[in-house]
Amino acid sequence: KGYDVRIFCASVLHNSQEDAVDLQGNISKELIVDGIPFVFVKTRKYQGNGFSRVLGMFDYYLNVKKACQQYSRPDVIIGSSVHPLACVAAIHLSKRYSCKNIVEIRDLWPESIFAFGKAKQHSIVGKVLSSGEYWIYRNAHALIFTKEGDVDHIKEEKWDTEHGGKIELNKCFYVNNGVNIENFDKQCHIDFLHDEDLENSSTFKVIYTGAIRPVNDVGNILDCAKYLTNSNIRFLVYGDGMELEKLKKRVKDENITNVRMKGRVEKKYIPFILSHSSINLLNYAQDQYNWSRGNSSNKLFEYMASGKPIISTVKMGYSIIDKYDCGIELEESTTKQLAEAILKIYRLPSDEYQKIGMNARRGSKDFDYSILTNKLDEVIKSVAND
């Protein structure tokens, strides 16, 4: 689009003991990646979601402001809520440079903290966090929400002007995550993964890709597989996470013969994997998150791009699956309901099955990066020209 862009990010890989780059003792280091300048900012290593991760957030907040000093004044600064202090830094820097800022809310902090029981909403800590969230929203020149229903949160908290608050809803925009369809299609044919289970054309393959953590409730997939043992249905699970070894042990100890725990695969193979599926599974624990606001999961759009039916184990608000009629969402995430949903699609006549897949593919085009880029471009222009 002709923008001169520089991206500031942490020097460590998320939830890892690895550095993304060697800073050689400096606060930051700039590298050109795919033609884009990335500035890696000194941030401590951490594991899990404990105090060390919080300290890492503060590292980034303090050091990114130092790292910016060597660069000329920007027109617009975008702060993306990988964590909230990235947003706070963007707002502070925009004041320093007398320029505009945009805050992108990828997760509702601290609502997700309350949902996981890390803090109580009405505790002193909870009130401080909520006050910080309100401050971010008030001081953003524009707000981008990746889930369509997240703006409802502002109304529920009565932070909008209509309810006596200070936030104008006309500065709120919806730009979801998405997929690069052109690249997805290329990778389907270029990045070939030899996998006998995947290439077996005689089985009906239910595929899950992604993290294997409590919120993903992958254990329920194993329960469902046991329920459907006497069938031609196979379950292929690709991904890694804290529950992987435990679930591998379950497969072995319980002799679950129709499940293959594939472990982590490189991202480039995901399009090929999904293109060989019969059903793609969005598997979540219903009680681990507020699903009423919608879904911004990257894999949802990859699933759609593959042109295969999708089953979600949670009923989403602002449902993309319902909107495009490309699968089934479960009211309850029980083993029986999941098994029945799989069997329903398994038993569909070929033309009805193909129609659901075509709906998914057609819907993915609304979330192609080219479309989302135009939406972001409009938000940038709305603040830059204000």
# chains A, B, ... in the order shown; residues from 1 in each chain; ligands from 1

call {"tool": "residues_around", "arguments": {"residues": "His194 of chain A", "least_positions_apart": "6", "cutoff": "12 Å", "atoms": "only C-alpha atoms", "output": "ChimeraX atom specification"}}
result
/A:200,265,269,272-273,276

call {"tool": "write_last_selection", "arguments": {"atoms": "all heavy atoms", "output": "PDB file, in the first residue's frame"}}
result
ATOM      1  N   ASN A 200      -4.361 -41.962   3.185  1.00  0.00           N
ATOM      2  CA  ASN A 200      -5.234 -43.133   3.061  1.00  0.00           C
ATOM      3  C   ASN A 200      -6.627 -42.692   2.600  1.00  0.00           C
ATOM      4  O   ASN A 200      -7.400 -42.110   3.363  1.00  0.00           O
ATOM      5  CB  ASN A 200      -5.322 -43.847   4.410  1.00  0.00           C
ATOM      6  CG  ASN A 200      -6.080 -45.154   4.320  1.00  0.00           C
ATOM      7  OD1 ASN A 200      -6.796 -45.420   3.354  1.00  0.00           O
ATOM      8  ND2 ASN A 200      -5.927 -45.991   5.337  1.00  0.00           N
ATOM      9  N   VAL A 265       3.987 -30.177  13.692  1.00  0.00           N
ATOM     10  CA  VAL A 265       4.463 -30.147  12.313  1.00  0.00           C
ATOM     11  C   VAL A 265       4.741 -28.690  11.940  1.00  0.00           C
ATOM     12  O   VAL A 265       4.180 -27.763  12.539  1.00  0.00           O
ATOM     13  CB  VAL A 265       3.436 -30.739  11.319  1.00  0.00           C
ATOM     14  CG1 VAL A 265       3.236 -32.221  11.564  1.00  0.00           C
ATOM     15  CG2 VAL A 265       2.101 -29.985  11.378  1.00  0.00           C
ATOM     16  N   TYR A 269       3.141 -27.072   6.368  1.00  0.00           N
ATOM     17  CA  TYR A 269       2.438 -28.296   5.974  1.00  0.00           C
ATOM     18  C   TYR A 269       0.935 -28.275   6.289  1.00  0.00           C
ATOM     19  O   TYR A 269       0.198 -29.160   5.856  1.00  0.00           O
ATOM     20  CB  TYR A 269       3.065 -29.506   6.674  1.00  0.00           C
ATOM     21  CG  TYR A 269       4.485 -29.785   6.267  1.00  0.00           C
ATOM     22  CD1 TYR A 269       5.505 -29.808   7.209  1.00  0.00           C
ATOM     23  CD2 TYR A 269       4.818 -30.026   4.934  1.00  0.00           C
ATOM     24  CE1 TYR A 269       6.822 -30.062   6.842  1.00  0.00           C
ATOM     25  CE2 TYR A 269       6.133 -30.279   4.550  1.00  0.00           C
ATOM     26  CZ  TYR A 269       7.135 -30.297   5.511  1.00  0.00           C
ATOM     27  OH  TYR A 269       8.421 -30.540   5.147  1.00  0.00           O
ATOM     28  N   PHE A 272      -1.581 -28.527   3.303  1.00  0.00           N
ATOM     29  CA  PHE A 272      -1.619 -29.876   2.729  1.00  0.00           C
ATOM     30  C   PHE A 272      -2.414 -30.820   3.624  1.00  0.00           C
ATOM     31  O   PHE A 272      -3.233 -31.612   3.149  1.00  0.00           O
ATOM     32  CB  PHE A 272      -0.190 -30.401   2.546  1.00  0.00           C
ATOM     33  CG  PHE A 272      -0.117 -31.780   1.967  1.00  0.00           C
ATOM     34  CD1 PHE A 272      -0.193 -31.987   0.605  1.00  0.00           C
ATOM     35  CD2 PHE A 272       0.010 -32.889   2.804  1.00  0.00           C
ATOM     36  CE1 PHE A 272      -0.132 -33.279   0.078  1.00  0.00           C
ATOM     37  CE2 PHE A 272       0.076 -34.173   2.286  1.00  0.00           C
ATOM     38  CZ  PHE A 272       0.003 -34.362   0.915  1.00  0.00           C
ATOM     39  N   ILE A 273      -2.172 -30.734   4.929  1.00  0.00           N
ATOM     40  CA  ILE A 273      -2.892 -31.587   5.886  1.00  0.00           C
ATOM     41  C   ILE A 273      -4.394 -31.354   5.796  1.00  0.00           C
ATOM     42  O   ILE A 273      -5.184 -32.295   5.676  1.00  0.00           O
ATOM     43  CB  ILE A 273      -2.380 -31.321   7.315  1.00  0.00           C
ATOM     44  CG1 ILE A 273      -0.959 -31.851   7.475  1.00  0.00           C
ATOM     45  CG2 ILE A 273      -3.306 -31.961   8.356  1.00  0.00           C
ATOM     46  CD1 ILE A 273      -0.268 -31.402   8.754  1.00  0.00           C
ATOM     47  N   HIS A 276      -6.445 -32.688   2.919  1.00  0.00           N
ATOM     48  CA  HIS A 276      -6.695 -34.128   2.901  1.00  0.00           C
ATOM     49  C   HIS A 276      -7.683 -34.568   3.991  1.00  0.00           C
ATOM     50  O   HIS A 276      -7.864 -35.768   4.221  1.00  0.00           O
ATOM     51  CB  HIS A 276      -5.376 -34.893   3.075  1.00  0.00           C
ATOM     52  CG  HIS A 276      -4.541 -34.912   1.831  1.00  0.00           C
ATOM     53  ND1 HIS A 276      -3.868 -33.802   1.362  1.00  0.00           N
ATOM     54  CD2 HIS A 276      -4.285 -35.911   0.935  1.00  0.00           C
ATOM     55  CE1 HIS A 276      -3.223 -34.119   0.250  1.00  0.00           C
ATOM     56  NE2 HIS A 276      -3.469 -35.383  -0.034  1.00  0.00           N
TER      57      HIS A 276
END

call {"tool": "residues_around", "arguments": {"residues": "segment 330-337 of chain A", "least_positions_apart": "5", "cutoff": "12 Å", "atoms": "only C-alpha atoms", "output": "ChimeraX atom specification"}}
result
/A:216-228,281-288,291,310-317,319,321-322,342-344

call {"tool": "residues_around", "arguments": {"residues": "segment 20-33 of chain A", "least_positions_apart": "6", "cutoff": "10 Å", "atoms": "only C-alpha atoms", "output": "PyMOL selection string"}}
result
chain A and resi 6-14+39-43+60+63-64+66-68

call {"tool": "residues_around", "arguments": {"residues": "Thr373 of chain A", "least_positions_apart": "6", "cutoff": "10 Å", "atoms": "only C-alpha atoms", "output": "list in words"}}
result
Lys1, Val175, Phe367 and Val379 of chain A

call {"tool": "write_last_selection", "arguments": {"atoms": "N, CA and C atoms", "output": "mmCIF file, in the first residue's frame"}}
result
data_model
loop_
_atom_site.group_PDB
_atom_site.id
_atom_site.type_symbol
_atom_site.label_atom_id
_atom_site.label_comp_id
_atom_site.auth_asym_id
_atom_site.auth_seq_id
_atom_site.Cartn_x
_atom_site.Cartn_y
_atom_site.Cartn_z
ATOM 1 N N LYS A 1 0.820 -1.217 0.000
ATOM 2 C CA LYS A 1 0.000 0.000 0.000
ATOM 3 C C LYS A 1 0.851 1.263 0.000
ATOM 4 N N VAL A 175 -11.761 -5.951 12.536
ATOM 5 C CA VAL A 175 -10.906 -6.564 11.522
ATOM 6 C C VAL A 175 -10.407 -7.880 12.096
ATOM 7 N N PHE A 367 -12.151 -13.292 4.285
ATOM 8 C CA PHE A 367 -11.108 -13.124 5.302
ATOM 9 C C PHE A 367 -9.714 -13.287 4.700
ATOM 10 N N VAL A 379 -8.845 2.091 8.416
ATOM 11 C CA VAL A 379 -8.711 2.540 9.807
ATOM 12 C C VAL A 379 -7.540 3.511 9.944
#

call {"tool": "select_by_dssp", "arguments": {"residues": "segment 110-331 of chain A", "states": "strand (DSSP E or B)", "output": "ChimeraX atom specification"}}
result
/A:142-145,160,167,172-174,179,204-209,233-238,259-263,279-282,310-312,327-329

call {"tool": "select_by_dssp", "arguments": {"residues": "segment 126-210 of chain A", "states": "alpha helix (DSSP H)", "output": "PyMOL selection string"}}
result
chain A and resi 126-139+151-156+181-190+196-199

call {"tool": "residues_around", "arguments": {"residues": "Tyr303 of chain A", "least_positions_apart": "5", "cutoff": "10 Å", "atoms": "only C-alpha atoms", "output": "number ranges by chain"}}
result
A: 179, 207-209, 270-271, 274-275, 277, 279-282, 298, 308-310, 357, 360-361, 364

call {"tool": "write_last_selection", "arguments": {"atoms": "all heavy atoms", "output": "short mmCIF file (atom, residue, chain, number, x, y, z; two decimals), in the first residue's frame"}}
result
data_model
loop_
_atom_site.label_atom_id
_atom_site.label_comp_id
_atom_site.auth_asym_id
_atom_site.auth_seq_id
_atom_site.Cartn_x
_atom_site.Cartn_y
_atom_site.Cartn_z
N VAL A 179 -6.55 -15.46 6.37
CA VAL A 179 -5.70 -16.42 5.68
C VAL A 179 -5.27 -15.82 4.34
O VAL A 179 -6.03 -15.08 3.71
CB VAL A 179 -6.46 -17.75 5.46
CG1 VAL A 179 -7.72 -17.55 4.64
CG2 VAL A 179 -5.56 -18.81 4.84
N ILE A 207 -9.77 -34.18 11.45
CA ILE A 207 -8.46 -33.61 11.73
C ILE A 207 -8.56 -32.43 12.68
O ILE A 207 -9.43 -31.56 12.54
CB ILE A 207 -7.76 -33.19 10.42
CG1 ILE A 207 -7.32 -34.44 9.65
CG2 ILE A 207 -6.56 -32.28 10.68
CD1 ILE A 207 -6.60 -34.17 8.35
N TYR A 208 -7.67 -32.44 13.67
CA TYR A 208 -7.49 -31.29 14.56
C TYR A 208 -6.06 -30.81 14.41
O TYR A 208 -5.11 -31.60 14.43
CB TYR A 208 -7.75 -31.68 16.02
CG TYR A 208 -7.34 -30.57 16.99
CD1 TYR A 208 -8.23 -29.54 17.28
CD2 TYR A 208 -6.06 -30.55 17.56
CE1 TYR A 208 -7.84 -28.50 18.14
CE2 TYR A 208 -5.69 -29.52 18.43
CZ TYR A 208 -6.58 -28.51 18.70
OH TYR A 208 -6.21 -27.48 19.53
N THR A 209 -5.88 -29.49 14.26
CA THR A 209 -4.54 -28.90 14.26
C THR A 209 -4.50 -27.79 15.29
O THR A 209 -5.47 -27.05 15.47
CB THR A 209 -4.17 -28.32 12.88
OG1 THR A 209 -5.05 -27.23 12.56
CG2 THR A 209 -4.26 -29.37 11.79
N ILE A 270 0.49 -27.28 7.04
CA ILE A 270 -0.92 -27.24 7.45
C ILE A 270 -1.88 -27.22 6.26
O ILE A 270 -2.88 -27.97 6.25
CB ILE A 270 -1.18 -26.05 8.39
CG1 ILE A 270 -0.41 -26.24 9.71
CG2 ILE A 270 -2.66 -25.89 8.67
CD1 ILE A 270 -0.80 -27.46 10.51
N PRO A 271 -1.65 -26.40 5.23
CA PRO A 271 -2.59 -26.45 4.08
C PRO A 271 -2.70 -27.83 3.46
O PRO A 271 -3.81 -28.27 3.12
CB PRO A 271 -1.98 -25.43 3.11
CG PRO A 271 -1.26 -24.45 3.98
CD PRO A 271 -0.67 -25.30 5.08
N LEU A 274 -4.78 -30.09 5.84
CA LEU A 274 -6.22 -29.77 5.84
C LEU A 274 -6.88 -30.13 4.51
O LEU A 274 -8.06 -30.49 4.48
CB LEU A 274 -6.42 -28.28 6.13
CG LEU A 274 -5.91 -27.80 7.51
CD1 LEU A 274 -6.18 -26.30 7.67
CD2 LEU A 274 -6.58 -28.58 8.64
N SER A 275 -6.14 -30.05 3.44
CA SER A 275 -6.71 -30.39 2.13
C SER A 275 -7.01 -31.88 2.01
O SER A 275 -7.74 -32.30 1.11
CB SER A 275 -5.77 -29.95 1.00
OG SER A 275 -4.59 -30.76 0.99
N SER A 277 -8.29 -33.62 4.64
CA SER A 277 -9.24 -33.96 5.71
C SER A 277 -10.62 -34.27 5.14
O SER A 277 -10.91 -33.99 3.98
CB SER A 277 -9.34 -32.80 6.70
OG SER A 277 -10.05 -31.72 6.10
N ILE A 279 -13.27 -33.82 7.74
CA ILE A 279 -13.85 -32.81 8.64
C ILE A 279 -12.69 -32.16 9.38
O ILE A 279 -11.74 -32.83 9.79
CB ILE A 279 -14.80 -33.45 9.69
CG1 ILE A 279 -16.04 -34.04 9.04
CG2 ILE A 279 -15.21 -32.42 10.75
CD1 ILE A 279 -16.93 -34.81 10.01
N ASN A 280 -12.77 -30.84 9.55
CA ASN A 280 -11.79 -30.12 10.38
C ASN A 280 -12.46 -29.74 11.69
O ASN A 280 -13.59 -29.24 11.70
CB ASN A 280 -11.28 -28.88 9.66
CG ASN A 280 -10.43 -29.24 8.45
OD1 ASN A 280 -9.63 -30.16 8.51
ND2 ASN A 280 -10.61 -28.53 7.36
N LEU A 281 -11.76 -29.98 12.78
CA LEU A 281 -12.35 -29.87 14.10
C LEU A 281 -11.79 -28.68 14.88
O LEU A 281 -10.59 -28.58 15.12
CB LEU A 281 -12.09 -31.16 14.87
CG LEU A 281 -12.80 -31.38 16.20
CD1 LEU A 281 -14.32 -31.29 16.03
CD2 LEU A 281 -12.42 -32.75 16.77
N LEU A 282 -12.69 -27.75 15.25
CA LEU A 282 -12.38 -26.67 16.19
C LEU A 282 -12.77 -27.18 17.57
O LEU A 282 -13.96 -27.23 17.89
CB LEU A 282 -13.17 -25.40 15.86
CG LEU A 282 -12.66 -24.48 14.75
CD1 LEU A 282 -13.69 -23.39 14.49
CD2 LEU A 282 -11.32 -23.86 15.11
N ASN A 298 -6.93 -18.19 14.02
CA ASN A 298 -6.35 -18.29 12.67
C ASN A 298 -6.74 -19.59 11.99
O ASN A 298 -6.98 -19.63 10.78
CB ASN A 298 -4.83 -18.18 12.74
CG ASN A 298 -4.36 -16.74 12.84
OD1 ASN A 298 -4.72 -15.90 12.03
ND2 ASN A 298 -3.55 -16.45 13.85
N LYS A 308 -13.44 -27.74 3.44
CA LYS A 308 -13.99 -28.92 4.10
C LYS A 308 -14.93 -28.50 5.23
O LYS A 308 -14.77 -27.43 5.83
CB LYS A 308 -12.85 -29.79 4.68
CG LYS A 308 -11.85 -30.24 3.63
CD LYS A 308 -12.49 -31.13 2.57
CE LYS A 308 -11.53 -31.48 1.45
NZ LYS A 308 -10.44 -32.34 1.89
N PRO A 309 -15.93 -29.33 5.57
CA PRO A 309 -16.84 -29.00 6.67
C PRO A 309 -16.10 -28.85 7.99
O PRO A 309 -15.07 -29.50 8.22
CB PRO A 309 -17.79 -30.20 6.71
CG PRO A 309 -17.72 -30.79 5.35
CD PRO A 309 -16.31 -30.58 4.89
N ILE A 310 -16.64 -28.00 8.86
CA ILE A 310 -16.03 -27.70 10.15
C ILE A 310 -17.01 -28.07 11.26
O ILE A 310 -18.21 -27.79 11.15
CB ILE A 310 -15.68 -26.20 10.25
CG1 ILE A 310 -14.71 -25.81 9.14
CG2 ILE A 310 -15.09 -25.87 11.63
CD1 ILE A 310 -14.60 -24.30 8.94
N GLY A 357 -18.63 -27.82 2.05
CA GLY A 357 -17.23 -27.50 1.78
C GLY A 357 -17.08 -26.27 0.90
O GLY A 357 -16.21 -25.42 1.14
N ALA A 360 -17.65 -23.17 2.90
CA ALA A 360 -16.47 -22.83 3.70
C ALA A 360 -15.45 -22.09 2.86
O ALA A 360 -14.92 -21.04 3.26
CB ALA A 360 -15.86 -24.09 4.30
N ARG A 361 -15.16 -22.63 1.70
CA ARG A 361 -14.17 -22.01 0.81
C ARG A 361 -14.61 -20.61 0.38
O ARG A 361 -13.82 -19.66 0.38
CB ARG A 361 -13.97 -22.91 -0.41
CG ARG A 361 -13.07 -22.33 -1.48
CD ARG A 361 -11.64 -22.23 -1.03
NE ARG A 361 -10.81 -21.64 -2.10
CZ ARG A 361 -9.49 -21.61 -2.09
NH1 ARG A 361 -8.82 -22.12 -1.08
NH2 ARG A 361 -8.83 -21.08 -3.10
N SER A 364 -14.17 -18.12 3.18
CA SER A 364 -12.78 -17.78 3.49
C SER A 364 -12.31 -16.58 2.69
O SER A 364 -11.42 -15.83 3.13
CB SER A 364 -11.86 -18.97 3.22
OG SER A 364 -11.70 -19.22 1.83
#

call {"tool": "closest_residue", "arguments": {"among": "A:Arg44, A:Lys166, A:Lys205, A:Lys95", "to": "Ile345 of chain A", "atoms": "only C-alpha atoms"}}
result
A:Lys205

call {"tool": "closest_residue", "arguments": {"among": "A:Tyr3, A:Tyr97, A:Phe184, A:Tyr318", "to": "Asp377 of chain A", "atoms": "only C-alpha atoms"}}
result
A:Tyr3

call {"tool": "residues_around", "arguments": {"residues": "segment 145-151 of chain A", "least_positions_apart": "3", "cutoff": "7 Å", "atoms": "only C-alpha atoms", "output": "ChimeraX atom specification"}}
result
/A:104-106,154,173-177,293-296,318

call {"tool": "write_last_selection", "arguments": {"atoms": "all heavy atoms", "output": "CSV table (one decimal), in the first residue's frame"}}
result
chain,number,residue,atom,x,y,z
A,104,GLU,N,-5.0,-2.4,18.7
A,104,GLU,CA,-5.6,-3.6,18.2
A,104,GLU,C,-5.8,-4.6,19.4
A,104,GLU,O,-4.8,-4.9,20.1
A,104,GLU,CB,-4.8,-4.3,17.2
A,104,GLU,CG,-5.5,-5.5,16.6
A,104,GLU,CD,-4.5,-6.4,15.7
A,104,GLU,OE1,-3.4,-6.6,16.1
A,104,GLU,OE2,-5.0,-6.8,14.7
A,105,ILE,N,-7.1,-4.9,19.7
A,105,ILE,CA,-7.4,-5.8,20.8
A,105,ILE,C,-7.6,-7.2,20.3
A,105,ILE,O,-8.6,-7.6,19.7
A,105,ILE,CB,-8.6,-5.3,21.6
A,105,ILE,CG1,-8.5,-3.9,22.0
A,105,ILE,CG2,-8.9,-6.3,22.7
A,105,ILE,CD1,-7.3,-3.7,23.0
A,106,ARG,N,-6.6,-8.1,20.5
A,106,ARG,CA,-6.6,-9.4,20.0
A,106,ARG,C,-7.3,-10.4,21.1
A,106,ARG,O,-7.9,-11.4,20.7
A,106,ARG,CB,-5.2,-9.9,19.7
A,106,ARG,CG,-4.4,-9.0,18.8
A,106,ARG,CD,-3.1,-9.6,18.4
A,106,ARG,NE,-3.3,-10.8,17.6
A,106,ARG,CZ,-3.6,-10.7,16.3
A,106,ARG,NH1,-3.8,-9.6,15.7
A,106,ARG,NH2,-3.7,-11.9,15.6
A,154,ILE,N,-17.5,-3.1,25.8
A,154,ILE,CA,-17.5,-1.7,26.2
A,154,ILE,C,-18.9,-1.3,26.6
A,154,ILE,O,-19.1,-0.6,27.6
A,154,ILE,CB,-17.0,-0.8,25.0
A,154,ILE,CG1,-15.6,-1.1,24.7
A,154,ILE,CG2,-17.3,0.7,25.2
A,154,ILE,CD1,-15.0,-0.4,23.4
A,173,PHE,N,-13.6,-0.5,15.4
A,173,PHE,CA,-13.6,-1.2,14.1
A,173,PHE,C,-13.4,-2.7,14.3
A,173,PHE,O,-12.8,-3.1,15.3
A,173,PHE,CB,-12.5,-0.7,13.2
A,173,PHE,CG,-12.6,0.8,12.9
A,173,PHE,CD1,-12.0,1.7,13.7
A,173,PHE,CD2,-13.3,1.2,11.8
A,173,PHE,CE1,-12.1,3.1,13.5
A,173,PHE,CE2,-13.4,2.6,11.5
A,173,PHE,CZ,-12.8,3.5,12.3
A,174,TYR,N,-13.9,-3.5,13.4
A,174,TYR,CA,-13.8,-4.9,13.4
A,174,TYR,C,-12.9,-5.4,12.3
A,174,TYR,O,-13.3,-5.2,11.1
A,174,TYR,CB,-15.2,-5.6,13.4
A,174,TYR,CG,-15.2,-7.1,13.0
A,174,TYR,CD1,-14.5,-8.0,13.8
A,174,TYR,CD2,-16.0,-7.5,12.0
A,174,TYR,CE1,-14.5,-9.3,13.5
A,174,TYR,CE2,-16.0,-8.9,11.7
A,174,TYR,CZ,-15.3,-9.8,12.4
A,174,TYR,OH,-15.3,-11.1,12.1
A,175,VAL,N,-11.8,-6.0,12.5
A,175,VAL,CA,-10.9,-6.6,11.5
A,175,VAL,C,-10.4,-7.9,12.1
A,175,VAL,O,-9.6,-7.9,13.0
A,175,VAL,CB,-9.7,-5.7,11.1
A,175,VAL,CG1,-8.9,-6.3,10.0
A,175,VAL,CG2,-10.2,-4.3,10.7
A,176,ASN,N,-10.9,-9.0,11.6
A,176,ASN,CA,-10.6,-10.3,12.1
A,176,ASN,C,-9.3,-10.8,11.6
A,176,ASN,O,-8.6,-10.1,10.8
A,176,ASN,CB,-11.7,-11.3,11.8
A,176,ASN,CG,-11.9,-12.4,12.8
A,176,ASN,OD1,-10.9,-12.9,13.4
A,176,ASN,ND2,-13.1,-12.8,13.1
A,177,ASN,N,-8.8,-11.9,12.1
A,177,ASN,CA,-7.7,-12.6,11.5
A,177,ASN,C,-8.1,-13.3,10.3
A,177,ASN,O,-9.3,-13.2,9.9
A,177,ASN,CB,-7.1,-13.6,12.5
A,177,ASN,CG,-6.4,-13.0,13.7
A,177,ASN,OD1,-5.6,-12.1,13.5
A,177,ASN,ND2,-6.7,-13.5,14.9
A,293,ARG,N,-18.6,-13.7,22.1
A,293,ARG,CA,-18.1,-12.5,21.3
A,293,ARG,C,-17.6,-12.9,19.9
A,293,ARG,O,-17.3,-12.0,19.1
A,293,ARG,CB,-17.0,-11.7,22.1
A,293,ARG,CG,-17.4,-11.4,23.5
A,293,ARG,CD,-16.5,-10.4,24.1
A,293,ARG,NE,-16.6,-10.3,25.5
A,293,ARG,CZ,-17.6,-9.7,26.2
A,293,ARG,NH1,-18.6,-9.2,25.5
A,293,ARG,NH2,-17.6,-9.7,27.5
A,294,GLY,N,-17.5,-14.2,19.6
A,294,GLY,CA,-17.1,-14.6,18.3
A,294,GLY,C,-15.8,-15.3,18.4
A,294,GLY,O,-15.3,-15.7,19.4
A,295,ASN,N,-15.2,-15.5,17.2
A,295,ASN,CA,-13.9,-16.3,17.1
A,295,ASN,C,-13.0,-15.6,16.2
A,295,ASN,O,-13.3,-15.1,15.1
A,295,ASN,CB,-14.2,-17.7,16.5
A,295,ASN,CG,-13.1,-18.7,16.6
A,295,ASN,OD1,-12.0,-18.3,17.0
A,295,ASN,ND2,-13.3,-19.9,16.4
A,296,SER,N,-11.7,-15.5,16.6
A,296,SER,CA,-10.7,-14.9,15.8
A,296,SER,C,-9.5,-15.9,15.6
A,296,SER,O,-8.4,-15.5,15.3
A,296,SER,CB,-10.2,-13.6,16.4
A,296,SER,OG,-9.6,-13.8,17.7
A,318,TYR,N,-21.9,-14.4,17.3
A,318,TYR,CA,-21.4,-13.8,16.0
A,318,TYR,C,-20.8,-14.9,15.1
A,318,TYR,O,-19.7,-14.8,14.5
A,318,TYR,CB,-20.4,-12.7,16.2
A,318,TYR,CG,-21.0,-11.5,16.9
A,318,TYR,CD1,-21.0,-11.5,18.3
A,318,TYR,CD2,-21.6,-10.5,16.3
A,318,TYR,CE1,-21.5,-10.4,19.1
A,318,TYR,CE2,-22.2,-9.4,17.0
A,318,TYR,CZ,-22.1,-9.4,18.4
A,318,TYR,OH,-22.7,-8.3,19.1

call {"tool": "closest_residue", "arguments": {"among": "A:Met57, A:Ala211, A:Ile91, A:Cys99", "to": "Arg73 of chain A", "atoms": "only C-alpha atoms"}}
result
A:Cys99

call {"tool": "closest_residue", "arguments": {"among": "A:Gly35, A:Gly164, A:Gly307, A:Gly210", "to": "Asp185 of chain A", "atoms": "only C-alpha atoms"}}
result
A:Gly307
